[in-house]
>>> print(open('start.pdb').read())   # PDB, C-alpha atoms
ATOM      1  CA  MET A   1      18.015  79.825  62.635  1.00  0.00           C
ATOM      2  CA  ALA A   2      14.471  79.662  61.269  1.00  0.00           C
ATOM      3  CA  ASP A   3      15.813  78.158  58.048  1.00  0.00           C
ATOM      4  CA  MET A   4      17.566  75.403  59.994  1.00  0.00           C
ATOM      5  CA  ILE A   5      14.404  74.630  61.978  1.00  0.00           C
ATOM      6  CA  VAL A   6      12.461  74.317  58.716  1.00  0.00           C
ATOM      7  CA  GLN A   7      15.203  72.086  57.295  1.00  0.00           C
ATOM      8  CA  VAL A   8      15.091  69.874  60.413  1.00  0.00           C
ATOM      9  CA  CYS A   9      11.315  69.563  59.972  1.00  0.00           C
ATOM     10  CA  PHE A  10      11.787  68.476  56.357  1.00  0.00           C
ATOM     11  CA  ASP A  11      14.463  65.990  57.432  1.00  0.00           C
ATOM     12  CA  VAL A  12      12.166  64.475  60.063  1.00  0.00           C
ATOM     13  CA  VAL A  13       9.290  64.174  57.592  1.00  0.00           C
ATOM     14  CA  GLU A  14      11.540  62.493  55.027  1.00  0.00           C
ATOM     15  CA  PHE A  15      12.968  60.121  57.633  1.00  0.00           C
ATOM     16  CA  SER A  16       9.441  59.208  58.736  1.00  0.00           C
ATOM     17  CA  ARG A  17       8.379  58.620  55.139  1.00  0.00           C
ATOM     18  CA  LEU A  18      11.355  56.352  54.492  1.00  0.00           C
ATOM     19  CA  TYR A  19      10.946  54.527  57.799  1.00  0.00           C
ATOM     20  CA  GLU A  20       7.239  53.883  57.256  1.00  0.00           C
ATOM     21  CA  GLN A  21       7.625  52.445  53.749  1.00  0.00           C
ATOM     22  CA  ASP A  22       5.576  49.326  53.235  1.00  0.00           C
ATOM     23  CA  HIS A  23       8.412  47.154  51.985  1.00  0.00           C
ATOM     24  CA  PRO A  24       9.701  43.855  53.425  1.00  0.00           C
ATOM     25  CA  LYS A  25      13.166  45.331  53.948  1.00  0.00           C
ATOM     26  CA  SER A  26      12.094  48.681  55.398  1.00  0.00           C
ATOM     27  CA  ALA A  27      13.644  49.838  58.662  1.00  0.00           C
ATOM     28  CA  LYS A  28      10.290  49.564  60.389  1.00  0.00           C
ATOM     29  CA  GLN A  29      10.116  45.854  59.588  1.00  0.00           C
ATOM     30  CA  LEU A  30      13.226  45.087  61.624  1.00  0.00           C
ATOM     31  CA  PHE A  31      11.582  46.268  64.807  1.00  0.00           C
ATOM     32  CA  GLN A  32       8.045  45.118  64.013  1.00  0.00           C
ATOM     33  CA  CYS A  33       9.117  41.616  63.049  1.00  0.00           C
ATOM     34  CA  ASN A  34      10.424  40.999  66.564  1.00  0.00           C
ATOM     35  CA  GLU A  35       7.024  41.737  68.067  1.00  0.00           C
ATOM     36  CA  GLU A  36       5.237  39.549  65.509  1.00  0.00           C
ATOM     37  CA  VAL A  37       7.552  36.594  66.174  1.00  0.00           C
ATOM     38  CA  LYS A  38       7.190  36.994  69.948  1.00  0.00           C
ATOM     39  CA  LYS A  39       3.415  36.530  69.654  1.00  0.00           C
ATOM     40  CA  GLY A  40       4.108  32.823  69.160  1.00  0.00           C
ATOM     41  CA  LEU A  41       1.077  30.614  69.645  1.00  0.00           C
ATOM     42  CA  LYS A  42      -1.257  33.604  69.583  1.00  0.00           C
ATOM     43  CA  TRP A  43      -0.939  33.463  65.791  1.00  0.00           C
ATOM     44  CA  PHE A  44      -2.985  30.295  65.503  1.00  0.00           C
ATOM     45  CA  ILE A  45      -4.209  29.136  68.908  1.00  0.00           C
ATOM     46  CA  ASN A  46      -7.672  30.697  68.446  1.00  0.00           C
ATOM     47  CA  ALA A  47      -8.262  29.441  64.906  1.00  0.00           C
ATOM     48  CA  GLN A  48     -11.921  28.602  64.355  1.00  0.00           C
ATOM     49  CA  ASN A  49     -11.345  25.916  61.715  1.00  0.00           C
ATOM     50  CA  GLN A  50      -8.675  23.973  59.845  1.00  0.00           C
ATOM     51  CA  VAL A  51      -8.381  26.480  56.999  1.00  0.00           C
ATOM     52  CA  GLU A  52      -7.957  29.405  59.388  1.00  0.00           C
ATOM     53  CA  PHE A  53      -5.362  27.412  61.337  1.00  0.00           C
ATOM     54  CA  GLN A  54      -3.367  26.705  58.161  1.00  0.00           C
ATOM     55  CA  ASN A  55      -3.603  30.331  57.055  1.00  0.00           C
ATOM     56  CA  ASN A  56      -2.432  31.573  60.447  1.00  0.00           C
ATOM     57  CA  VAL A  57       0.478  29.129  60.515  1.00  0.00           C
ATOM     58  CA  SER A  58       1.437  30.302  57.001  1.00  0.00           C
ATOM     59  CA  ASP A  59       1.221  33.951  58.053  1.00  0.00           C
ATOM     60  CA  TYR A  60       3.353  33.269  61.121  1.00  0.00           C
ATOM     61  CA  LEU A  61       5.863  31.365  59.002  1.00  0.00           C
ATOM     62  CA  ASN A  62       6.092  34.377  56.675  1.00  0.00           C
ATOM     63  CA  GLU A  63       6.818  36.686  59.634  1.00  0.00           C
ATOM     64  CA  VAL A  64       9.490  34.333  60.985  1.00  0.00           C
ATOM     65  CA  THR A  65      11.081  34.054  57.536  1.00  0.00           C
ATOM     66  CA  LEU A  66      11.111  37.843  57.200  1.00  0.00           C
ATOM     67  CA  ALA A  67      12.642  38.285  60.661  1.00  0.00           C
ATOM     68  CA  LYS A  68      15.328  35.714  59.902  1.00  0.00           C
ATOM     69  CA  GLN A  69      16.171  37.388  56.601  1.00  0.00           C
ATOM     70  CA  LEU A  70      16.390  40.804  58.241  1.00  0.00           C
ATOM     71  CA  TYR A  71      18.723  39.501  60.938  1.00  0.00           C
ATOM     72  CA  GLN A  72      20.889  37.803  58.314  1.00  0.00           C
ATOM     73  CA  ASP A  73      21.081  40.972  56.209  1.00  0.00           C
ATOM     74  CA  ILE A  74      21.696  43.537  58.936  1.00  0.00           C
ATOM     75  CA  GLN A  75      25.261  44.741  59.299  1.00  0.00           C
ATOM     76  CA  ILE A  76      24.917  45.990  62.872  1.00  0.00           C
ATOM     77  CA  PRO A  77      26.465  44.049  65.734  1.00  0.00           C
ATOM     78  CA  ILE A  78      23.665  42.633  67.879  1.00  0.00           C
ATOM     79  CA  GLU A  79      24.234  40.579  71.012  1.00  0.00           C
ATOM     80  CA  SER A  80      23.548  36.863  70.367  1.00  0.00           C
ATOM     81  CA  MET A  81      22.610  37.495  66.738  1.00  0.00           C
ATOM     82  CA  ASP A  82      23.911  34.080  65.642  1.00  0.00           C
ATOM     83  CA  LYS A  83      21.807  32.389  68.312  1.00  0.00           C
ATOM     84  CA  ILE A  84      18.761  34.441  67.300  1.00  0.00           C
ATOM     85  CA  ILE A  85      19.193  33.376  63.670  1.00  0.00           C
ATOM     86  CA  VAL A  86      19.555  29.718  64.701  1.00  0.00           C
ATOM     87  CA  GLN A  87      16.409  29.967  66.829  1.00  0.00           C
ATOM     88  CA  LEU A  88      14.479  31.614  63.996  1.00  0.00           C
ATOM     89  CA  SER A  89      15.697  28.822  61.688  1.00  0.00           C
ATOM     90  CA  ASN A  90      14.441  26.207  64.167  1.00  0.00           C
ATOM     91  CA  LEU A  91      11.107  27.981  64.437  1.00  0.00           C
ATOM     92  CA  GLN A  92      10.898  28.220  60.654  1.00  0.00           C
ATOM     93  CA  THR A  93      11.563  24.473  60.302  1.00  0.00           C
ATOM     94  CA  HIS A  94       8.985  23.533  62.927  1.00  0.00           C
ATOM     95  CA  LEU A  95       6.344  25.840  61.461  1.00  0.00           C
ATOM     96  CA  THR A  96       6.957  24.368  58.020  1.00  0.00           C
ATOM     97  CA  LYS A  97       6.454  20.862  59.416  1.00  0.00           C
ATOM     98  CA  LEU A  98       3.339  21.988  61.290  1.00  0.00           C
ATOM     99  CA  LYS A  99       1.971  23.510  58.091  1.00  0.00           C
ATOM    100  CA  GLN A 100       2.620  20.262  56.203  1.00  0.00           C
ATOM    101  CA  GLU A 101       0.977  18.152  58.917  1.00  0.00           C
ATOM    102  CA  ALA A 102      -2.041  20.440  59.026  1.00  0.00           C
ATOM    103  CA  SER A 103      -2.346  20.187  55.252  1.00  0.00           C
ATOM    104  CA  THR A 104      -2.084  16.379  55.384  1.00  0.00           C
ATOM    105  CA  ASN A 105      -4.732  16.161  58.115  1.00  0.00           C
ATOM    106  CA  GLN A 106      -7.116  18.337  56.110  1.00  0.00           C
ATOM    107  CA  SER A 107      -6.886  16.040  53.087  1.00  0.00           C
ATOM    108  CA  LEU A 108      -7.822  12.972  55.146  1.00  0.00           C
TER     109      LEU A 108
END
>>> encode(input="start.pdb", output="structure tokens")
Amino acid sequence: MADMIVQVCFDVVEFSRLYEQDHPKSAKQLFQCNEEVKKGLKWFINAQNQVEFQNNVSDYLNEVTLAKQLYQDIQIPIESMDKIIVQLSNLQTHLTKLKQEASTNQSL
């Protein structure tokens, strides 16, 4: 029994190590990306200047792109997954346009 408890401990440590990997397609990213996308305007609403605004929009766009890719790649049935992917695509498009407009305004 003690051997099995030790083995369970090793299994948990290995799972945690794999889950916590800092890789765009890690398991942790699937759950974290949802929280980052849900922050919405908080990503750039408090920007102090134009450059910070552009950087924050770019960072948010990266998170949305990652979330969309993870949803497209996952092979687990999720309620309304198609609608989620469409909404992430819309958000991605609008953020890209916002980024372009912000860049254009800076060069004026």
>>> closest_residue(input="start.pdb", among="A:Val12, A:Val86, A:Val37, A:Ala102", to="Leu61 (chain A)", atoms="all atoms listed in the file")
A:Val37
>>> closest_residue(input="start.pdb", among="A:Val13, A:Val8, A:Ala67, A:Ile85", to="Lys38 (chain A)", atoms="all atoms listed in the file")
A:Ala67
>>> resolve_selection(input="start.pdb", expression="the PyMOL selection byres ((chain A and resi 64) around 8)", output="tab-separated table (two decimals) with C-alpha atoms, in the coordinates of the input")
chain	number	residue	atom	x	y	z
A	33	CYS	CA	9.12	41.62	63.05
A	37	VAL	CA	7.55	36.59	66.17
A	60	TYR	CA	3.35	33.27	61.12
A	61	LEU	CA	5.86	31.36	59.00
A	62	ASN	CA	6.09	34.38	56.68
A	63	GLU	CA	6.82	36.69	59.63
A	65	THR	CA	11.08	34.05	57.54
A	66	LEU	CA	11.11	37.84	57.20
A	67	ALA	CA	12.64	38.28	60.66
A	68	LYS	CA	15.33	35.71	59.90
A	88	LEU	CA	14.48	31.61	64.00
A	91	LEU	CA	11.11	27.98	64.44
A	92	GLN	CA	10.90	28.22	60.65
>>> closest_residue(input="start.pdb", among="A:Pro77, A:Tyr71, A:Thr104, A:Val51", to="Ser89 (chain A)", atoms="all atoms listed in the file")
A:Tyr71
>>> atom_distance(input="start.pdb", atom1="CA of Thr96 (chain A)", atom2="CA of Val57 (chain A)")
8.4 Å
>>> axis_aligned_box(input="start.pdb", around="region 83-89 of chain A", padding_each_side="4 Å", output="AutoDock Vina command-line options")
--center_x 18.1 --center_y 31.6 --center_z 65.0 --size_x 15.3 --size_y 13.6 --size_z 14.6
>>> atom_distance(input="start.pdb", atom1="CA of Glu79 (chain A)", atom2="CA of His94 (chain A)")
24.3 Å
>>> resolve_selection(input="start.pdb", expression="the PyMOL selection byres ((chain A and resi 41-50) around 9)", output="PDB file with C-alpha atoms, in the coordinates of the input")
ATOM      1  CA  GLU A  36       5.237  39.549  65.509  1.00  0.00           C
ATOM      2  CA  LYS A  38       7.190  36.994  69.948  1.00  0.00           C
ATOM      3  CA  LYS A  39       3.415  36.530  69.654  1.00  0.00           C
ATOM      4  CA  GLY A  40       4.108  32.823  69.160  1.00  0.00           C
ATOM      5  CA  VAL A  51      -8.381  26.480  56.999  1.00  0.00           C
ATOM      6  CA  GLU A  52      -7.957  29.405  59.388  1.00  0.00           C
ATOM      7  CA  PHE A  53      -5.362  27.412  61.337  1.00  0.00           C
ATOM      8  CA  GLN A  54      -3.367  26.705  58.161  1.00  0.00           C
ATOM      9  CA  ASN A  55      -3.603  30.331  57.055  1.00  0.00           C
ATOM     10  CA  ASN A  56      -2.432  31.573  60.447  1.00  0.00           C
ATOM     11  CA  VAL A  57       0.478  29.129  60.515  1.00  0.00           C
ATOM     12  CA  ASP A  59       1.221  33.951  58.053  1.00  0.00           C
ATOM     13  CA  TYR A  60       3.353  33.269  61.121  1.00  0.00           C
ATOM     14  CA  ALA A 102      -2.041  20.440  59.026  1.00  0.00           C
ATOM     15  CA  SER A 103      -2.346  20.187  55.252  1.00  0.00           C
ATOM     16  CA  ASN A 105      -4.732  16.161  58.115  1.00  0.00           C
ATOM     17  CA  GLN A 106      -7.116  18.337  56.110  1.00  0.00           C
TER      18      GLN A 106
END
